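Coordinates as given in start18.txt (compact mmCIF, C-alpha atoms and all ligand atoms):
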```txt
# COMPACT_ATOMS: atom_id res chain seq x y z
CA MET A 1 62.92 125.92 82.34
CA LYS A 2 61.21 123.27 84.41
CA SER A 3 62.86 120.46 82.47
CA SER A 4 66.33 121.95 82.88
CA ILE A 5 65.83 122.16 86.65
CA LEU A 6 64.76 118.54 86.53
CA THR A 7 67.84 117.60 84.50
CA VAL A 8 70.14 119.38 86.94
CA THR A 9 68.43 117.68 89.88
CA ILE A 10 68.78 114.24 88.32
CA LEU A 11 72.43 114.90 87.49
CA PHE A 12 73.05 116.05 91.03
CA ILE A 13 71.49 112.93 92.50
CA ALA A 14 73.46 110.73 90.09
CA VAL A 15 76.74 112.39 91.11
CA VAL A 16 75.98 112.07 94.83
CA PHE A 17 75.11 108.38 94.47
CA SER A 18 78.10 107.49 92.34
CA SER A 19 80.57 109.21 94.67
CA ALA A 20 79.14 107.53 97.75
CA LYS A 21 80.62 104.14 96.89
CA ASN A 22 81.08 103.03 100.44
CA ASN A 23 80.63 99.39 101.24
CA PRO A 24 79.59 98.94 104.90
CA ALA A 25 81.04 95.42 105.23
CA GLN A 26 84.37 96.55 103.81
CA ASP A 27 84.43 99.57 106.16
CA ALA A 28 83.70 97.38 109.20
CA LEU A 29 86.57 95.06 108.26
CA LYS A 30 88.97 97.98 107.83
CA LEU A 31 88.03 99.48 111.21
CA SER A 32 88.34 96.12 112.96
CA ILE A 33 91.83 95.62 111.48
CA GLU A 34 92.86 99.11 112.63
CA ARG A 35 91.65 98.49 116.20
CA GLY A 36 93.16 94.99 116.13
CA LYS A 37 96.61 96.31 115.28
CA LYS A 38 96.61 98.33 118.53
CA VAL A 39 95.61 95.25 120.54
CA TYR A 40 98.32 93.23 118.77
CA ASP A 41 101.01 95.83 119.45
CA ASN A 42 100.10 95.95 123.15
CA THR A 43 99.40 92.27 123.73
CA CYS A 44 100.93 89.88 121.22
CA LEU A 45 103.86 91.67 119.61
CA ALA A 46 106.32 91.01 122.46
CA CYS A 47 106.22 87.28 121.70
CA HIS A 48 105.05 86.97 118.11
CA GLN A 49 107.07 89.98 116.88
CA VAL A 50 106.12 92.97 114.77
CA ASN A 51 105.85 91.04 111.51
CA GLY A 52 104.35 87.88 112.98
CA SER A 53 107.59 85.97 112.50
CA GLY A 54 107.71 84.72 116.10
CA VAL A 55 110.98 83.71 117.74
CA PRO A 56 112.51 80.43 116.52
CA GLY A 57 112.30 77.69 119.13
CA MET A 58 110.26 79.88 121.51
CA ASN A 59 107.19 81.59 120.05
CA PRO A 60 105.67 80.27 116.82
CA PRO A 61 105.09 82.50 113.80
CA LEU A 62 101.60 83.73 112.84
CA LYS A 63 102.22 83.51 109.11
CA LYS A 64 99.87 81.20 107.23
CA THR A 65 99.70 78.68 110.07
CA LYS A 66 96.81 76.24 110.31
CA TRP A 67 95.70 77.92 113.55
CA VAL A 68 95.64 81.44 112.15
CA LEU A 69 93.92 80.50 108.88
CA GLY A 70 91.96 77.50 110.13
CA ASP A 71 88.90 76.93 112.33
CA LYS A 72 87.99 80.23 113.98
CA LYS A 73 86.70 78.44 117.11
CA VAL A 74 90.11 76.87 117.76
CA LEU A 75 91.82 80.19 117.14
CA ILE A 76 89.50 82.15 119.46
CA ASN A 77 90.01 79.53 122.18
CA ILE A 78 93.80 79.95 122.00
CA VAL A 79 93.38 83.60 123.00
CA LEU A 80 90.62 82.91 125.57
CA LYS A 81 92.35 79.93 127.22
CA GLY A 82 95.99 80.07 126.20
CA LEU A 83 97.92 77.10 124.79
CA ASP A 84 100.15 74.67 126.63
CA GLN A 85 101.08 71.71 124.45
CA GLU A 86 103.77 70.66 122.04
CA ILE A 87 102.77 71.88 118.61
CA GLU A 88 104.44 71.84 115.23
CA VAL A 89 104.27 75.06 113.23
CA ASN A 90 105.82 75.24 109.78
CA ASP A 91 108.15 72.28 110.52
CA GLU A 92 109.38 73.59 113.88
CA THR A 93 108.35 72.27 117.27
CA TYR A 94 107.18 74.67 119.99
CA SER A 95 106.42 73.78 123.58
CA ASN A 96 106.43 77.07 125.43
CA VAL A 97 103.31 78.27 127.22
CA MET A 98 101.08 80.95 125.77
CA PRO A 99 99.07 82.60 128.57
CA ALA A 100 95.30 83.17 128.30
CA PHE A 101 94.09 86.66 127.37
CA ALA A 102 90.53 86.34 128.67
CA HIS A 103 90.76 89.83 130.18
CA LEU A 104 90.50 91.28 126.68
CA SER A 105 86.94 92.16 125.68
CA ASP A 106 85.07 90.10 123.07
CA GLN A 107 85.50 93.00 120.67
CA GLU A 108 89.25 93.26 121.32
CA ILE A 109 89.74 89.53 120.71
CA ALA A 110 87.66 89.70 117.53
CA ASP A 111 89.67 92.71 116.33
CA VAL A 112 93.11 91.29 117.10
CA LEU A 113 92.31 87.99 115.38
CA THR A 114 90.83 89.81 112.38
CA TYR A 115 94.06 91.82 112.24
CA VAL A 116 96.25 88.70 112.44
CA ARG A 117 94.12 86.89 109.81
CA ASN A 118 94.64 89.85 107.46
CA SER A 119 98.32 90.66 108.11
CA PHE A 120 101.75 89.01 107.67
CA GLY A 121 100.66 87.64 104.27
CA ASN A 122 97.47 86.10 105.71
CA LYS A 123 94.07 86.54 104.10
CA ALA A 124 91.06 85.11 105.90
CA SER A 125 87.57 86.08 106.99
CA GLN A 126 86.78 88.45 109.84
CA VAL A 127 86.28 87.22 113.41
CA THR A 128 83.21 88.83 114.98
CA GLU A 129 82.43 89.90 118.53
CA ALA A 130 79.45 87.48 118.53
CA GLU A 131 81.70 84.53 117.64
CA VAL A 132 83.98 85.32 120.60
CA LYS A 133 81.06 85.86 122.99
CA LYS A 134 79.55 82.50 122.08
CA LEU A 135 82.74 80.63 123.00
CA ARG A 136 83.39 82.64 126.16
CA ASP A 137 79.88 81.90 127.44
CA LYS A 138 80.36 78.16 126.98
C1 LIG A 201 104.15 85.38 126.35
C2 LIG A 201 104.32 85.17 124.94
C3 LIG A 201 103.07 85.17 124.08
C4 LIG A 201 102.13 86.16 123.93
C5 LIG A 201 102.10 87.51 124.63
C6 LIG A 201 101.19 85.69 122.95
N1 LIG A 201 101.53 84.44 122.52
FE1 LIG A 201 100.61 83.35 121.09
N2 LIG A 201 101.84 81.78 121.46
C7 LIG A 201 102.91 81.81 122.33
C8 LIG A 201 103.48 80.47 122.43
C9 LIG A 201 104.69 80.08 123.25
C10 LIG A 201 102.71 79.64 121.60
C11 LIG A 201 102.87 78.12 121.40
C12 LIG A 201 102.18 77.45 122.60
C13 LIG A 201 102.33 75.94 122.66
O1 LIG A 201 103.30 75.41 122.12
O2 LIG A 201 101.45 75.30 123.26
C14 LIG A 201 101.71 80.51 120.98
C15 LIG A 201 100.78 80.08 120.04
C16 LIG A 201 99.91 80.92 119.36
C17 LIG A 201 99.08 80.52 118.24
C18 LIG A 201 98.98 79.13 117.60
C19 LIG A 201 100.23 78.72 116.86
C20 LIG A 201 100.52 79.57 115.64
O3 LIG A 201 101.64 80.12 115.62
O4 LIG A 201 99.68 79.70 114.75
C21 LIG A 201 98.36 81.63 117.88
C22 LIG A 201 97.37 81.73 116.73
C23 LIG A 201 98.74 82.70 118.77
N3 LIG A 201 99.69 82.24 119.64
C24 LIG A 201 98.20 83.99 118.73
C25 LIG A 201 98.46 84.97 119.69
C26 LIG A 201 97.76 86.23 119.77
C27 LIG A 201 96.67 86.69 118.81
C28 LIG A 201 98.26 86.91 120.85
C29 LIG A 201 97.82 88.24 121.41
C30 LIG A 201 96.44 88.30 121.83
C31 LIG A 201 99.30 86.06 121.42
N4 LIG A 201 99.38 84.90 120.68
C32 LIG A 201 100.09 86.41 122.50
C33 LIG A 201 103.37 82.90 123.01
C34 LIG A 201 102.69 84.09 123.18
```
Could you express the structure from this file as structure tokens?
Ligand code: HEC
Amino acid sequence: MKSSILTVTILFIAVVFSSAKNNPAQDALKLSIERGKKVYDNTCLACHQVNGSGVPGMNPPLKKTKWVLGDKKVLINIVLKGLDQEIEVNDETYSNVMPAFAHLSDQEIADVLTYVRNSFGNKASQVTEAEVKKLRDK
């Protein structure tokens, strides 16, 4: 009798552990992307379009560009400070002005960039709130 209770208990624990397969890092990334989509829709979509394609000759695309996939510091600074120079993106020249979005919180900037880096065919690491804070405080 005692051993069967023990067996049932062990089975129960095994089932509970195997069904709880959650990976905290993966969950945090998913949540950040979900929040970031809302920030994107409200803040970036008007210029960079729903699928990140941009508008030819006006607003550059966010698909696999060296800014989106490259150095996170440069990318974060584009949102914190805006961008006002002639740049070449995927063989097209852009020279419009992107305004700064420093009014967004560190978390919102981290989320929107994590969303952009994981949408429109992009795949790159998460941007964290701490990384944004560090650059804003500079
Ligand atoms: C008012 C229109 C506008 C809005 C809104 C806007 N951008 Fe931009 N963005 C631009 C323009 C124009 C450029 C190119 C600036 C230049 O040539 O100096 C640009 C450049 C960029 C670049 C670098 C070039 C590239 O395509 O990789 C990134 C990354 C970027 N924007 C991300 C964002 C994100 C994220 C948001 C929302 C937080 C945003 N932008 C909101 C107009 C906009």
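Proximity to Thr114 in chain A was assessed for A:Pro61, A:Gly82, A:Gly36, A:Pro99 counting only C-alpha atoms; the smallest distance is recorded for A:Gly36.
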- Computed interatomic separation between atom C27 of ligand LIG 201 (chain A) and CA of Lys38 in chain A (Å):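 One can read the atom C27 of ligand LIG 201 (chain A) to CA of Lys38 in chain A distance as 11.6 Å.
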- Message: Would you compute the distance between CA of Leu75 in chain A and CA of Thr93 in chain A? Give it in Å to one decimal.
- Response: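 Here the two named atoms are 18.3 Å from each other.
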- Mind giving me the straight-line distance from CA of Val89 in chain A to CA of Gly57 in chain A in Å, one decimal?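 CA of Gly57 in chain A lies 10.3 Å from CA of Val89 in chain A.
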- Message: Show me, as a ChimeraX atom specification, the residues that have an atom within 8 Å of range 22-35 of chain A when counting all atoms listed in the file, minus same-chain residues fewer than 5 positions from it.
- Response: /A:108,110-112,114-115,118,126
Return as a tab-separated table the residues of chain A lying at most 7 Å from ligand LIG 201 (chain A), together with the closest atom-to-atom pair for each and the distance in Å to one decimal, counting all atoms listed in the file, with rows in chain order and ascending residue number.
```
residue	atom	partner	partner_atom	distance
A:Tyr40	CA	A:LIG201	C29	5.7
A:Thr43	CA	A:LIG201	C29	4.9
A:Cys44	CA	A:LIG201	C29	3.5
A:Leu45	CA	A:LIG201	C5	6.8
A:Ala46	CA	A:LIG201	C5	5.9
A:Cys47	CA	A:LIG201	C2	4.3
A:His48	CA	A:LIG201	N1	6.2
A:Met58	CA	A:LIG201	C9	5.8
A:Asn59	CA	A:LIG201	C9	4.3
A:Pro60	CA	A:LIG201	O3	4.2
A:Pro61	CA	A:LIG201	O3	4.6
A:Leu62	CA	A:LIG201	O3	4.6
A:Thr65	CA	A:LIG201	O4	4.8
A:Lys66	CA	A:LIG201	O4	6.3
A:Trp67	CA	A:LIG201	O4	4.5
A:Val68	CA	A:LIG201	C22	4.9
A:Leu75	CA	A:LIG201	C22	5.8
A:Ile78	CA	A:LIG201	C21	6.4
A:Val79	CA	A:LIG201	C30	5.7
A:Leu83	CA	A:LIG201	O2	4.2
A:Asp84	CA	A:LIG201	O2	3.7
A:Gln85	CA	A:LIG201	O2	3.8
A:Glu86	CA	A:LIG201	O1	4.8
A:Ile87	CA	A:LIG201	O1	5.0
A:Val89	CA	A:LIG201	O3	6.2
A:Tyr94	CA	A:LIG201	O1	4.5
A:Ser95	CA	A:LIG201	O1	3.8
A:Asn96	CA	A:LIG201	C9	4.1
A:Val97	CA	A:LIG201	C9	4.6
A:Met98	CA	A:LIG201	C7	4.0
A:Pro99	CA	A:LIG201	C1	6.2
A:Phe101	CA	A:LIG201	C30	6.2
A:Ile109	CA	A:LIG201	C30	6.9
A:Val112	CA	A:LIG201	C27	6.1
A:Leu113	CA	A:LIG201	C27	5.7
A:Val116	CA	A:LIG201	C27	6.7
```
- Item | Pick from A:Lys134, A:Ile76, A:Pro56, A:Lys2, whichever lies nearest to Glu88 in chain A using only C-alpha atoms |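 Distance minimum relative to Glu88 in chain A lands on A:Pro56.
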- Task: Go through A:Val15, A:Val39, A:Leu6, A:Leu69 and flag the residue nearest Gly121 in chain A, using only C-alpha atoms for the distances.
- Result: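 Ranking A:Val15, A:Val39, A:Leu6, A:Leu69 by distance to Gly121 in chain A, first place goes to A:Leu69.
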- Item | Pick from A:Ala100, A:Ile5, A:Val50, A:Leu80 nearest to Asp137 in chain A, counting only C-alpha atoms | A:Leu80
